[in-house]
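The next block is structure_7.cif, given as mmCIF, C-alpha atoms.
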```cif
data_model
loop_
_atom_site.label_atom_id
_atom_site.label_comp_id
_atom_site.auth_asym_id
_atom_site.auth_seq_id
_atom_site.Cartn_x
_atom_site.Cartn_y
_atom_site.Cartn_z
CA MET A 221 0.00 0.00 0.00
CA ARG A 222 1.47 3.34 -1.01
CA SER A 223 1.89 5.83 1.78
CA TYR A 224 -0.74 8.30 0.59
CA ARG A 225 -3.38 5.62 0.80
CA MET A 226 -2.84 5.62 4.53
CA LYS A 227 -3.73 9.30 4.82
CA PRO A 228 -7.50 8.98 5.08
CA LEU A 229 -7.06 6.22 7.62
CA LEU A 230 -4.59 8.34 9.55
CA LEU A 231 -6.96 11.28 9.49
CA PHE A 232 -9.83 9.17 10.70
CA LEU A 233 -7.83 7.50 13.44
CA SER A 234 -6.71 10.92 14.66
CA MET A 235 -10.28 12.22 14.71
CA PHE A 236 -11.51 9.05 16.29
CA SER A 237 -8.93 8.95 19.07
CA CYS A 238 -9.27 12.67 19.89
CA ALA A 239 -13.03 12.40 20.00
CA PHE A 240 -12.99 9.25 22.04
CA CYS A 241 -10.55 10.66 24.60
CA ASN A 242 -12.42 13.93 24.90
CA ALA A 243 -15.64 12.04 25.43
CA GLN A 244 -14.35 10.84 28.77
CA SER A 245 -14.88 14.31 30.20
CA VAL A 246 -18.53 14.53 29.24
CA SER A 247 -21.62 12.69 30.25
CA PHE A 248 -21.43 9.58 28.08
CA LYS A 249 -19.93 8.06 25.00
CA SER A 250 -21.05 5.21 22.84
CA LEU A 251 -19.97 2.97 20.05
CA GLY A 252 -22.37 1.88 17.36
CA ILE A 253 -22.99 0.74 13.85
CA ASN A 254 -25.18 2.44 11.26
CA LEU A 255 -26.58 1.18 8.00
CA GLY A 256 -27.28 3.80 5.36
CA GLY A 257 -27.45 7.40 6.44
CA LEU A 258 -24.31 9.42 5.93
CA ALA A 259 -22.29 6.34 5.17
CA GLU A 260 -21.94 4.91 1.71
CA MET A 261 -22.20 1.37 3.02
CA TYR A 262 -21.81 0.51 6.68
CA ASP A 263 -20.70 3.05 9.21
CA VAL A 264 -18.95 2.40 12.48
CA HIS A 265 -19.01 5.50 14.59
CA THR A 266 -18.33 6.87 17.99
CA ASN A 267 -20.75 9.24 19.66
CA ILE A 268 -19.67 12.06 21.89
CA SER A 269 -22.14 13.79 24.11
CA ILE A 270 -21.28 17.45 24.48
CA PHE A 271 -22.74 20.02 26.88
CA ASN A 272 -25.61 17.79 27.96
CA ASP A 273 -27.84 14.98 26.84
CA HIS A 274 -29.47 17.12 24.16
CA HIS A 275 -26.40 17.51 21.99
CA GLN A 276 -24.41 14.77 20.37
CA VAL A 277 -21.68 14.55 17.76
CA GLU A 278 -20.88 11.38 15.87
CA LEU A 279 -17.81 10.51 13.86
CA GLY A 280 -17.75 7.51 11.61
CA LEU A 281 -15.93 5.44 9.06
CA SER A 282 -17.75 3.38 6.47
CA TRP A 283 -16.56 0.29 4.71
CA LYS A 284 -17.79 -2.05 2.06
CA PRO A 285 -19.89 -5.00 3.22
CA VAL A 286 -18.49 -8.51 3.01
CA SER A 287 -15.01 -7.22 2.38
CA ASN A 288 -12.08 -5.76 4.21
CA LYS A 289 -11.55 -3.36 1.33
CA PHE A 290 -12.82 0.16 1.04
CA ALA A 291 -15.24 0.91 -1.78
CA TYR A 292 -13.66 0.81 -5.24
CA TYR A 293 -14.45 1.93 -8.72
CA GLY A 294 -12.30 2.23 -11.79
CA ASP A 295 -9.14 4.12 -10.96
CA PHE A 296 -10.45 5.20 -7.56
CA THR A 297 -10.84 3.79 -4.09
CA TYR A 298 -12.83 5.90 -1.71
CA VAL A 299 -13.28 6.18 2.01
CA VAL A 300 -16.24 7.85 3.70
CA PHE A 301 -16.00 9.73 6.99
CA PRO A 302 -19.45 10.75 8.23
CA VAL A 303 -19.61 13.56 10.80
CA GLN A 304 -23.02 14.20 12.29
CA TYR A 305 -24.48 16.54 14.89
CA GLN A 306 -27.73 15.57 16.60
CA TYR A 307 -30.10 17.56 18.71
CA HIS A 308 -32.25 15.34 20.92
CA PHE A 309 -35.84 16.12 21.82
CA MET A 310 -36.50 13.94 24.81
CA VAL A 311 -39.88 12.27 24.38
CA LYS A 312 -39.61 9.91 27.32
CA LYS A 313 -36.76 9.01 29.59
CA VAL A 314 -35.59 6.35 27.18
CA VAL A 315 -36.83 7.77 23.88
CA HIS A 316 -35.71 10.79 21.92
CA LEU A 317 -36.35 12.28 18.53
CA ASP A 318 -33.20 13.55 16.87
CA LEU A 319 -32.73 16.40 14.46
CA ASN A 320 -29.62 15.55 12.46
CA ALA A 321 -27.24 17.74 10.51
CA GLY A 322 -24.23 16.09 9.00
CA LEU A 323 -21.37 16.27 6.58
CA GLN A 324 -20.22 13.36 4.52
CA PHE A 325 -16.49 13.53 3.78
CA GLN A 326 -15.78 11.25 0.85
CA TYR A 327 -12.09 10.91 0.10
CA TYR A 328 -11.20 9.44 -3.30
CA VAL A 329 -7.76 7.89 -3.69
CA SER A 330 -6.12 6.82 -6.92
CA ALA A 331 -2.73 5.41 -7.79
CA THR A 332 -2.47 7.48 -10.97
CA LEU A 333 -4.96 10.35 -10.71
CA PRO A 334 -5.10 13.22 -8.23
CA ASP A 335 -6.88 12.42 -4.97
CA TYR A 336 -9.87 14.54 -4.12
CA LEU A 337 -12.21 15.20 -1.24
CA LYS A 338 -15.94 15.66 -1.73
CA ILE A 339 -18.02 17.12 1.08
CA THR A 340 -21.80 16.72 1.04
CA PRO A 341 -24.15 18.18 3.65
CA ALA A 342 -27.19 16.29 4.89
CA ILE A 343 -30.11 16.80 7.24
CA GLY A 344 -32.45 14.28 8.77
CA LEU A 345 -34.77 13.10 11.47
CA SER A 346 -34.41 9.95 13.52
CA TYR A 347 -35.90 8.15 16.48
CA THR A 348 -33.70 6.65 19.17
CA LYS A 349 -34.70 4.32 21.96
CA LYS A 350 -32.50 3.27 24.84
CA MET A 351 -32.82 -0.38 25.79
CA MET A 352 -31.81 -2.85 28.45
CA LYS A 353 -31.27 -0.40 31.31
CA ASP A 354 -29.74 2.26 29.06
CA LYS A 355 -26.93 0.00 27.98
CA TYR A 356 -27.90 -0.12 24.31
CA TYR A 357 -29.80 1.98 21.80
CA VAL A 358 -31.56 1.42 18.50
CA ARG A 359 -32.23 4.13 15.97
CA GLY A 360 -34.24 4.56 12.78
CA GLY A 361 -34.76 7.57 10.58
CA LEU A 362 -34.30 9.30 7.27
CA LEU A 363 -31.45 11.42 6.05
CA ALA A 364 -31.56 13.71 3.02
CA PHE A 365 -28.39 14.68 1.18
CA ILE A 366 -28.49 18.30 0.12
CA PRO A 367 -27.36 18.67 -3.51
CA ALA A 368 -24.70 21.25 -2.70
CA PHE A 369 -21.17 19.93 -2.79
CA THR A 370 -17.67 21.10 -2.04
CA LEU A 371 -14.80 19.55 -3.91
CA ILE A 372 -11.13 19.88 -3.03
CA ASP A 373 -8.25 18.56 -5.06
CA LYS A 374 -4.74 19.62 -5.97
CA TYR A 375 -6.02 21.98 -8.65
CA GLU A 376 -8.90 23.80 -7.03
CA LEU A 377 -11.48 24.11 -4.30
CA PHE A 378 -14.98 24.87 -5.49
CA GLY A 379 -18.62 24.34 -4.74
CA TYR A 380 -21.31 23.15 -7.09
CA THR A 381 -24.93 22.17 -6.93
CA GLY A 382 -27.12 19.45 -8.35
CA SER A 383 -30.87 19.07 -8.69
CA SER A 384 -31.39 15.72 -6.98
CA TRP A 385 -32.06 15.32 -3.24
CA LEU A 386 -31.01 11.84 -2.23
CA VAL A 387 -33.01 10.45 0.68
CA TRP A 388 -31.65 7.40 2.47
CA PRO A 389 -32.86 5.43 5.46
CA GLN A 390 -30.66 5.40 8.52
CA VAL A 391 -30.76 2.44 10.86
CA GLY A 392 -28.39 2.04 13.76
CA LEU A 393 -27.67 0.25 16.96
CA GLY A 394 -24.98 0.75 19.54
CA LYS A 395 -23.77 0.41 23.07
CA TYR A 396 -23.30 3.16 25.61
CA LEU A 397 -19.89 3.09 27.24
CA HIS A 398 -20.39 4.66 30.64
CA MET B 69 -1.48 18.91 22.75
CA LYS B 70 -4.04 16.58 21.20
CA ASN B 71 -5.56 19.41 19.22
CA ARG B 72 -2.17 20.48 17.91
CA LEU B 73 -1.40 16.94 16.82
CA PHE B 74 -4.76 16.64 15.09
CA ASN B 75 -4.37 19.97 13.26
CA PHE B 76 -0.88 18.99 12.19
CA LEU B 77 -2.12 15.69 10.75
CA VAL B 78 -4.91 17.40 8.81
CA LEU B 79 -2.48 19.97 7.44
CA MET B 80 -0.01 17.29 6.38
CA LEU B 81 -2.78 15.36 4.68
CA PHE B 82 -3.59 18.17 2.28
CA LEU B 83 -0.08 19.51 1.79
CA SER B 84 1.21 16.13 0.76
CA CYS B 85 -1.38 15.43 -1.93
CA SER B 86 0.97 15.84 -4.88
CA LYS B 87 1.17 13.21 -7.55
CA ASP B 88 1.90 12.86 -11.23
CA LYS B 89 2.14 16.38 -12.52
CA ASN B 90 1.21 15.24 -16.03
CA ASN B 91 -2.38 14.78 -15.02
CA GLN B 92 -4.63 17.58 -16.19
CA LEU B 93 -8.16 18.59 -15.59
CA LEU B 94 -10.55 17.61 -18.37
CA GLY B 95 -13.13 20.31 -17.76
CA PRO B 96 -16.89 20.12 -18.36
CA GLY B 97 -17.60 17.58 -21.05
CA ILE B 98 -19.35 14.49 -22.29
CA ILE B 99 -17.86 11.11 -23.16
CA LEU B 100 -20.43 9.58 -25.47
CA SER B 101 -19.81 6.05 -26.66
CA THR B 102 -21.76 3.39 -28.48
CA ASP B 103 -21.32 -0.37 -28.52
CA VAL B 104 -22.08 -0.87 -32.20
CA PRO B 105 -19.84 -0.52 -35.26
CA PRO B 106 -19.67 2.90 -36.98
CA PRO B 107 -21.79 1.96 -40.04
CA MET B 108 -24.83 1.63 -37.74
CA TRP B 109 -24.59 5.39 -37.10
CA TYR B 110 -23.54 6.43 -40.60
CA ASP B 111 -26.91 8.05 -41.34
CA LEU B 112 -26.12 10.53 -38.58
CA LYS B 113 -22.73 11.52 -40.01
CA ASP B 114 -23.75 15.00 -41.18
CA TYR B 115 -25.82 15.67 -38.07
CA LEU B 116 -22.93 14.71 -35.77
CA LYS B 117 -20.50 16.83 -37.75
CA ALA B 118 -22.82 19.85 -37.80
CA ASN B 119 -23.17 19.67 -34.01
CA GLY B 120 -19.50 19.02 -33.28
CA VAL B 121 -20.22 15.64 -31.67
CA LYS B 122 -17.45 13.08 -31.23
CA ILE B 123 -18.39 9.45 -30.61
CA THR B 124 -16.35 6.45 -29.52
CA PHE B 125 -17.51 3.40 -31.48
CA TYR B 126 -16.74 0.22 -29.54
CA THR B 127 -16.79 -2.24 -32.41
CA GLN B 128 -17.32 -5.97 -32.15
CA GLY B 129 -17.29 -8.55 -34.94
CA TYR B 130 -15.16 -6.56 -37.36
CA GLN B 131 -14.80 -9.72 -39.44
CA LEU B 132 -18.47 -9.30 -40.42
CA MET B 133 -18.07 -5.76 -41.73
CA ASP B 134 -18.40 -5.46 -45.53
CA SER B 135 -16.42 -3.12 -47.75
CA ALA B 136 -19.17 -0.47 -47.73
CA GLY B 137 -19.11 -0.53 -43.94
CA LYS B 138 -15.34 -0.15 -43.92
CA ALA B 139 -15.61 2.87 -46.22
CA GLN B 140 -18.22 4.42 -43.93
CA THR B 141 -16.00 3.73 -40.94
CA ARG B 142 -13.11 5.58 -42.61
CA LEU B 143 -15.32 8.60 -43.27
CA LEU B 144 -16.54 8.72 -39.66
CA ILE B 145 -12.97 8.45 -38.36
CA ALA B 146 -12.03 11.31 -40.68
CA ASP B 147 -14.70 13.39 -38.92
CA GLY B 148 -12.91 12.82 -35.61
CA HIS B 149 -14.82 9.85 -34.20
CA GLU B 150 -12.91 7.00 -32.59
CA LEU B 151 -12.88 3.36 -33.63
CA ALA B 152 -12.39 1.24 -30.50
CA HIS B 153 -12.22 -2.48 -29.70
CA HIS B 154 -15.18 -4.47 -28.36
CA THR B 155 -13.97 -8.08 -29.01
CA THR B 156 -14.37 -10.49 -31.88
CA THR B 157 -17.46 -12.40 -30.71
CA HIS B 158 -18.96 -10.26 -27.93
CA LEU B 159 -18.79 -12.96 -25.29
CA HIS B 160 -18.86 -12.71 -21.51
CA ALA B 161 -15.21 -12.43 -20.49
CA ASP B 162 -15.73 -13.87 -17.00
CA ASP B 163 -17.60 -16.93 -18.31
CA PHE B 164 -15.03 -17.57 -21.02
CA LEU B 165 -12.12 -17.25 -18.62
CA SER B 166 -13.66 -19.76 -16.23
CA SER B 167 -12.89 -22.48 -18.78
CA HIS B 168 -10.15 -20.95 -20.95
CA SER B 169 -6.80 -19.30 -20.37
CA ILE B 170 -6.20 -15.57 -20.63
CA ASP B 171 -3.90 -16.22 -23.60
CA GLU B 172 -6.76 -17.94 -25.43
CA TYR B 173 -9.03 -14.99 -24.64
CA MET B 174 -6.51 -12.46 -25.89
CA GLN B 175 -5.84 -14.41 -29.07
CA GLN B 176 -9.45 -15.14 -29.94
CA GLU B 177 -11.14 -11.93 -28.82
CA ILE B 178 -8.43 -9.30 -29.26
CA TYR B 179 -5.49 -10.22 -31.48
CA ASN B 180 -7.47 -11.99 -34.21
CA MET B 181 -9.63 -8.90 -34.73
CA ASP B 182 -6.56 -6.66 -34.43
CA ALA B 183 -4.97 -8.50 -37.35
CA LEU B 184 -8.04 -8.09 -39.56
CA MET B 185 -8.34 -4.40 -38.73
CA GLN B 186 -4.67 -3.72 -39.31
CA LYS B 187 -4.93 -5.34 -42.71
CA ASP B 188 -7.49 -2.65 -43.59
CA GLY B 189 -5.46 0.13 -42.01
CA PHE B 190 -7.45 0.46 -38.78
CA THR B 191 -5.99 0.50 -35.28
CA THR B 192 -7.66 0.73 -31.90
CA THR B 193 -6.21 2.03 -28.64
CA THR B 194 -9.16 1.70 -26.26
CA PHE B 195 -11.47 -1.15 -25.25
CA ALA B 196 -14.88 -1.85 -23.69
CA TYR B 197 -16.04 -5.14 -22.19
CA PRO B 198 -19.12 -6.73 -23.72
CA TYR B 199 -21.85 -6.75 -21.05
CA GLY B 200 -19.34 -5.07 -18.74
CA ASP B 201 -18.14 -8.51 -17.58
CA PHE B 202 -14.49 -8.78 -16.58
CA THR B 203 -11.97 -10.39 -14.28
CA ASN B 204 -8.87 -8.98 -12.60
CA LYS B 205 -6.77 -11.05 -14.98
CA SER B 206 -8.51 -9.67 -18.07
CA ASP B 207 -8.03 -6.12 -16.75
CA GLU B 208 -4.34 -6.80 -16.28
CA TYR B 209 -3.77 -8.17 -19.78
CA LEU B 210 -6.02 -5.74 -21.61
CA LEU B 211 -4.35 -2.75 -19.99
CA LYS B 212 -1.07 -3.92 -21.50
CA ARG B 213 -2.67 -3.77 -24.94
CA PHE B 214 -5.00 -0.74 -24.58
CA LYS B 215 -4.64 2.78 -23.20
CA ASN B 216 -7.85 2.48 -21.24
CA ILE B 217 -10.85 0.23 -20.60
CA ARG B 218 -14.48 1.20 -20.30
CA LYS B 219 -16.78 -0.69 -17.94
CA ILE B 220 -20.47 -0.12 -17.29
CA ILE B 221 -22.45 0.89 -14.24
CA SER B 222 -26.04 1.76 -13.38
CA PRO B 223 -27.09 4.25 -10.72
CA TYR B 224 -27.93 2.32 -7.53
CA ALA B 225 -29.62 2.82 -4.17
CA TYR B 226 -32.22 5.33 -5.40
CA ARG B 227 -29.55 7.40 -7.09
CA LYS B 228 -30.07 9.26 -10.32
CA ILE B 229 -27.37 9.54 -12.96
CA GLU B 230 -26.23 12.85 -11.53
CA ASP B 231 -25.72 11.23 -8.10
CA THR B 232 -23.40 8.60 -9.54
CA ASP B 233 -19.84 9.88 -9.13
CA GLN B 234 -18.52 6.87 -11.01
CA VAL B 235 -19.57 8.33 -14.38
CA TYR B 236 -18.03 11.78 -13.89
CA TYR B 237 -14.35 12.29 -14.72
CA ARG B 238 -12.22 15.30 -13.90
CA TYR B 239 -8.73 14.28 -14.97
CA LYS B 240 -6.83 12.91 -17.92
CA GLY B 241 -4.78 9.81 -17.24
CA VAL B 242 -7.75 7.48 -16.73
CA LYS B 243 -7.00 3.78 -17.16
CA VAL B 244 -10.37 2.30 -16.22
CA PHE B 245 -13.58 4.26 -16.46
CA TYR B 246 -17.31 3.64 -16.35
CA ALA B 247 -20.29 4.64 -18.47
CA CYS B 248 -23.98 4.36 -17.76
CA SER B 249 -26.42 3.23 -20.41
CA ILE B 250 -28.97 5.68 -21.78
CA ASP B 251 -30.70 3.13 -24.00
CA LYS B 252 -34.49 2.96 -23.86
CA LYS B 253 -34.32 -0.16 -21.71
CA GLU B 254 -33.11 1.93 -18.78
CA LYS B 255 -36.34 3.96 -18.88
CA TYR B 256 -34.64 7.16 -17.77
CA PRO B 257 -36.72 10.23 -18.48
CA VAL B 258 -34.65 12.36 -20.83
CA GLU B 259 -34.90 15.16 -18.26
CA GLU B 260 -32.80 13.03 -15.89
CA ILE B 261 -30.09 12.81 -18.53
CA LEU B 262 -30.29 16.56 -19.10
CA ASP B 263 -29.91 17.13 -15.34
CA ALA B 264 -26.84 14.88 -15.44
CA LEU B 265 -25.39 17.13 -18.17
CA ASP B 266 -26.06 20.19 -16.01
CA LYS B 267 -24.12 18.48 -13.23
CA ALA B 268 -21.19 17.90 -15.60
CA LYS B 269 -21.13 21.63 -16.20
CA SER B 270 -21.43 22.67 -12.57
CA SER B 271 -18.95 20.04 -11.30
CA ARG B 272 -16.46 20.80 -14.12
CA SER B 273 -16.23 17.16 -15.09
CA ALA B 274 -16.89 14.92 -18.07
CA LEU B 275 -19.99 12.69 -17.99
CA SER B 276 -19.62 9.20 -19.48
CA MET B 277 -22.67 7.59 -21.12
CA TYR B 278 -23.23 4.94 -23.75
CA CYS B 279 -26.00 3.58 -25.92
CA HIS B 280 -26.36 1.26 -28.88
CA MET B 281 -28.41 2.18 -31.94
CA ILE B 282 -30.29 5.36 -32.74
CA SER B 283 -33.91 4.96 -33.73
CA LYS B 284 -35.86 7.32 -35.94
CA GLY B 285 -38.92 5.11 -35.84
CA GLU B 286 -37.59 2.31 -38.03
CA PRO B 287 -39.22 -0.95 -36.88
CA GLU B 288 -35.91 -2.84 -36.98
CA LEU B 289 -34.26 -0.25 -34.71
CA ASN B 290 -37.19 0.11 -32.36
CA THR B 291 -35.62 -2.08 -29.68
CA VAL B 292 -34.77 -1.43 -26.08
CA TYR B 293 -31.11 -1.32 -27.14
CA ALA B 294 -31.62 1.97 -28.93
CA LEU B 295 -32.04 5.62 -28.12
CA ASP B 296 -34.66 7.67 -29.92
CA PHE B 297 -33.14 10.27 -32.20
CA ALA B 298 -35.37 12.94 -30.64
CA ASP B 299 -33.84 12.19 -27.23
CA LEU B 300 -30.30 12.14 -28.63
CA ASP B 301 -30.97 15.52 -30.21
CA ARG B 302 -32.18 16.98 -26.92
CA ILE B 303 -29.06 15.66 -25.19
CA ILE B 304 -26.76 17.11 -27.82
CA GLN B 305 -28.53 20.47 -27.93
CA ARG B 306 -28.31 20.74 -24.14
CA ALA B 307 -24.63 19.69 -24.16
CA ASN B 308 -23.87 22.31 -26.79
CA LYS B 309 -25.86 24.98 -24.98
CA LEU B 310 -23.84 24.23 -21.83
CA GLY B 311 -20.63 24.36 -23.82
CA LEU B 312 -19.63 20.80 -22.93
CA LYS B 313 -16.62 19.43 -24.76
CA TYR B 314 -16.90 16.05 -26.47
CA TYR B 315 -14.24 13.59 -25.37
CA ARG B 316 -13.45 10.30 -26.99
CA ALA B 317 -12.12 7.43 -24.88
CA CYS B 318 -8.63 7.98 -26.33
CA ASP B 319 -8.73 11.60 -25.10
CA LEU B 320 -8.90 10.40 -21.50
CA THR B 321 -5.43 8.89 -21.61
CA GLU B 322 -2.73 11.01 -23.21
#
```
Please rewrite the model in this file as structure tokens.
Amino acid sequence: MRSYRMKPLLLFLSMFSCAFCNAQSVSFKSLGINLGGLAEMYDVHTNISIFNDHHQVELGLSWKPVSNKFAYYGDFTYVVFPVQYQYHFMVKKVVHLDLNAGLQFQYYVSATLPDYLKITPAIGLSYTKKMMKDKYYVRGGLLAFIPAFTLIDKYELFGYTGSSWLVWPQVGLGKYLH
Amino acid sequence: MKNRLFNFLVLMLFLSCSKDKNNQLLGPGIILSTDVPPPMWYDLKDYLKANGVKITFYTQGYQLMDSAGKAQTRLLIADGHELAHHTTTHLHADDFLSSHSIDEYMQQEIYNMDALMQKDGFTTTTFAYPYGDFTNKSDEYLLKRFKNIRKIISPYAYRKIEDTDQVYYRYKGVKVFYACSIDKKEKYPVEEILDALDKAKSSRSALSMYCHMISKGEPELNTVYALDFADLDRIIQRANKLGLKYYRACDLTE
């Protein structure tokens, strides 16, 4: 593996470790898995509660199912780093509705072509329920990708828009790490 | 300390993204290819020329082409279209290679047709897989013979064409690229294809699409493996209005 292919992984591991360490100083942290949503395929993420139980930030890394490889097409391999903020409306003690705002960082790597980073914003609504004495949670919802993109490569940084709103389901489950 | 380390890593990530300096941006464009021999589009020769369109003709079964077809092919190449390789018998590469060697595949499907074409003064530098079927081994061997290979893809997971990054290309130097079909069988509203062209313009990239025959209502061409001429015309008029450049497959690798 050429060294630059390690960069996205390095970036993610840095984000992940910083977030995970910082989470020790706040009310709770969790580790979970998402299907759909901001991820291209599967998404393993860590949640960090900030300020109080109403605010939450999630960082993730998605990978291709049934494979240890990242997603691939043609001359490119790509890695997806979802970053999502959630605001929780507490419905009951163990149930909350979440307003989600996220950014999908999609980093495309090629052996012969310039790498590039594509950033896509998304918004959504989900429902989260704590289970088994607040040890676990399940979540379901919808996330809509806003057709406004930012693209960064060695030549330029620019934004562009599309006309298609992509709506994906988001299903997740995880464990709180108290 | 942690924050400083993190910021340093992010900075290093972007500062160190330098690679082959020969790569160049393509710019907004359209890579339009067809998987039929040039004579099947010869009736459109004047129309394509008048609109500045360049097509890549992935040609299979060259051994079946008659002398009139060869003459038409020469005239289309003279207009700037590309003659490209699409195998001798249009078989499924993965199926064939499950019971034959890669050398047999290359001889039967590539070199035999190469020899016939060269005898008539034709050469090809790019290739597309029939049905889009391939193996890692066929990729490896074909990339020794051709400058690039075209594969096929369909938008998935509720995506439209414009959501499918795999058919948008920003740089020269491509070795393997994809195209999505716009034949009638896909049932895309032509507006979706026009939106995809708009995206090529706004994202400063070249959109790769392919089809087979062009139908003007002829019963023999009224198949699902055809695009109506009226739809092709709308696509070309929109591409020209947007100022999209026409790229052939050979233009992607220089």
Could you write out as an MDAnalysis selection string the residues of chain A within 6 Å of chain B, counting only C-alpha atoms?
chainID A and resid 294:295 380 382
Find the residues with any atom within 12 Å of (-24.0, 8.8, -42.8); use all atoms listed in the file and the coordinates as given in the file, and write the answer as a ChimeraX atom specification.
/B:106-117,136-137,139-145,147
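Atom pair atom CA of A:Tyr356 / atom CA of A:Val264 has a distance of 15.0 Å (rounded to one decimal).
Applied to this file, the PyMOL selection byres ((chain A and resi 344) around 6) selects Asn320, Ile343, Leu345, Leu362, Leu363 and Ala364 of chain A.
Atom CA of B:Gly285 is found 29.0 Å from atom CA of B:Thr155.
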